Each structure stands twice: as structure tokens, then as C-alpha cells.
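Notes for the one structure printed next.
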Amino acid sequence: MESGDNGGFHPLDEKSLVEYIKSTPVLVSRLGGQAELDRLTIEEVGDGNLNFIYIVTSPQGSFVAKQALPYIRCVGDYGQ
């Protein structure tokens, strides 16, 4: 891989996590349905060096989303 080429990998942020949730029916159901998606709270937790970890909460349910990175975040994507 060339430097900067992450093989299609895209790190999650709050906006992309909401889009992922909307496209994943089991997660929409876990949060109480489409009507609850406007009432989400998303909190990034953890030290952030190896993974993105988010606590996703709605009035009807919650879950933790964890995304492993193909590199150590504090170093960046050098050598990718």
C-alpha cells in the first residue's frame, strides 16, 4: 500500500457513526426505532490510541461501538 492509502478504511466520527447506525437495521432496532435516531447521544470514550470507542444512547436503548484502526492513532497512518 502507498502511504495514505488505507485500503478503503474510514475512521468513524459522530456523523459517520450515525449514518452507519441508520443503515444497520439491528442497531436502529436496538435504539428503539427510526423515531429515536434524532434523540441520540454519542460519547467517544477511551484513550483513543488503538481504537475508536463510542457509547451510543437513546431513550429506548444503548450500545457500545468499537472500531479498530489499521494503525496506532497517536503515530498516524505512516507506512500504510
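Simple scheme: letters A, B, ... for chains in C-alpha cells order, numbers from 1 for residues in each chain, numbers from 1 for ligands in the order shown.
Neighbouring residues of Glu19 of chain A at 12 Å or closer, counting only C-alpha atoms and skipping chain neighbours under 6 positions away, are Leu12, Asp13, Pro25, Leu27, Val28, Leu37 and Asp38 of chain A.
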Write the residues of the preceding selection, restricted to C-alpha atoms, as a PDB file, in the first residue's frame.
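Output file result.pdb follows:
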ATOM      1  CA  LEU A  12     -15.678   6.727  12.367  1.00  0.00           C
ATOM      2  CA  ASP A  13     -16.671  10.078  13.774  1.00  0.00           C
ATOM      3  CA  PRO A  25     -31.432  -2.308  10.974  1.00  0.00           C
ATOM      4  CA  LEU A  27     -28.792  -1.121  15.546  1.00  0.00           C
ATOM      5  CA  VAL A  28     -31.840   1.012  14.720  1.00  0.00           C
ATOM      6  CA  LEU A  37     -32.443   8.422  15.936  1.00  0.00           C
ATOM      7  CA  ASP A  38     -32.952  12.176  16.305  1.00  0.00           C
TER       8      ASP A  38
END
Would you write out, as a tab-separated table, a table of all residues in segment 30-56 of chain A that have an atom no more than 7 Å from an atom of segment 62-72 of chain A, listing for each the closest atom pair and the distance in Å to one decimal, considering only C-alpha atoms and ordering rows by chain and rising residue number?
residue	atom	partner	partner_atom	distance
A:Arg30	CA	A:Ser62	CA	6.9
A:Leu31	CA	A:Ser62	CA	5.9
A:Asn49	CA	A:Ile72	CA	5.7
A:Leu50	CA	A:Ile72	CA	5.2
A:Asn51	CA	A:Ala68	CA	4.6
A:Phe52	CA	A:Gln67	CA	5.1
A:Ile53	CA	A:Lys66	CA	4.4
A:Tyr54	CA	A:Ala65	CA	5.1
A:Ile55	CA	A:Val64	CA	4.6
A:Val56	CA	A:Phe63	CA	5.5
Would you output that residue set with N, CA, C and O atoms, as a PDB file, in the first residue's frame?
ATOM      1  N   ARG A  30     -32.218  -1.714  18.142  1.00  0.00           N
ATOM      2  CA  ARG A  30     -31.643  -1.687  19.496  1.00  0.00           C
ATOM      3  C   ARG A  30     -31.870  -0.336  20.157  1.00  0.00           C
ATOM      4  O   ARG A  30     -32.018  -0.244  21.377  1.00  0.00           O
ATOM      5  N   LEU A  31     -31.919   0.721  19.360  1.00  0.00           N
ATOM      6  CA  LEU A  31     -32.100   2.070  19.888  1.00  0.00           C
ATOM      7  C   LEU A  31     -33.566   2.483  19.974  1.00  0.00           C
ATOM      8  O   LEU A  31     -33.868   3.588  20.396  1.00  0.00           O
ATOM      9  N   ASN A  49      -5.836   5.677  21.370  1.00  0.00           N
ATOM     10  CA  ASN A  49      -4.611   5.344  20.652  1.00  0.00           C
ATOM     11  C   ASN A  49      -4.765   4.161  19.712  1.00  0.00           C
ATOM     12  O   ASN A  49      -4.124   4.108  18.677  1.00  0.00           O
ATOM     13  N   LEU A  50      -5.572   3.182  20.076  1.00  0.00           N
ATOM     14  CA  LEU A  50      -5.703   1.977  19.264  1.00  0.00           C
ATOM     15  C   LEU A  50      -7.058   1.826  18.607  1.00  0.00           C
ATOM     16  O   LEU A  50      -7.174   1.201  17.570  1.00  0.00           O
ATOM     17  N   ASN A  51      -8.109   2.361  19.216  1.00  0.00           N
ATOM     18  CA  ASN A  51      -9.467   2.155  18.727  1.00  0.00           C
ATOM     19  C   ASN A  51     -10.285   3.426  18.897  1.00  0.00           C
ATOM     20  O   ASN A  51      -9.968   4.271  19.727  1.00  0.00           O
ATOM     21  N   PHE A  52     -11.353   3.507  18.125  1.00  0.00           N
ATOM     22  CA  PHE A  52     -12.404   4.479  18.398  1.00  0.00           C
ATOM     23  C   PHE A  52     -13.477   3.728  19.174  1.00  0.00           C
ATOM     24  O   PHE A  52     -13.922   2.658  18.734  1.00  0.00           O
ATOM     25  N   ILE A  53     -13.876   4.255  20.318  1.00  0.00           N
ATOM     26  CA  ILE A  53     -14.920   3.627  21.121  1.00  0.00           C
ATOM     27  C   ILE A  53     -15.958   4.701  21.431  1.00  0.00           C
ATOM     28  O   ILE A  53     -15.619   5.773  21.941  1.00  0.00           O
ATOM     29  N   TYR A  54     -17.212   4.377  21.100  1.00  0.00           N
ATOM     30  CA  TYR A  54     -18.321   5.307  21.323  1.00  0.00           C
ATOM     31  C   TYR A  54     -19.410   4.625  22.137  1.00  0.00           C
ATOM     32  O   TYR A  54     -19.739   3.469  21.878  1.00  0.00           O
ATOM     33  N   ILE A  55     -19.994   5.359  23.081  1.00  0.00           N
ATOM     34  CA  ILE A  55     -21.211   4.920  23.758  1.00  0.00           C
ATOM     35  C   ILE A  55     -22.360   5.637  23.066  1.00  0.00           C
ATOM     36  O   ILE A  55     -22.389   6.873  23.014  1.00  0.00           O
ATOM     37  N   VAL A  56     -23.275   4.858  22.507  1.00  0.00           N
ATOM     38  CA  VAL A  56     -24.422   5.391  21.773  1.00  0.00           C
ATOM     39  C   VAL A  56     -25.662   5.135  22.622  1.00  0.00           C
ATOM     40  O   VAL A  56     -25.941   3.993  22.998  1.00  0.00           O
TER      41      VAL A  56
END
Report task. Taking the chain letters and numbering used in this document, name the residues of segment 16-71 of chain A that DSSP puts in helix (DSSP H, G or I), as an NGL selection string. Result -> :A and (16-22 or 25-30 or 34-39)
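Distance check against Gln34 of chain A using only C-alpha atoms: of A:Gly46, A:Pro11, A:Ser58, A:Leu17, the minimum falls on A:Ser58.
The spacing separating atom CA of Val45 of chain A from atom CA of Gly33 of chain A amounts to 24.3 Å.
All residues of segment 10-80 of chain A that DSSP, run on the backbone, classes as strand (DSSP E) are Thr41, Ile42, Glu43, Glu44, Val45, Asn51, Phe52, Ile53, Tyr54, Ile55, Val56, Thr57, Ser58, Gly61, Ser62, Phe63, Val64, Ala65, Lys66, Gln67 and Ala68 of chain A.
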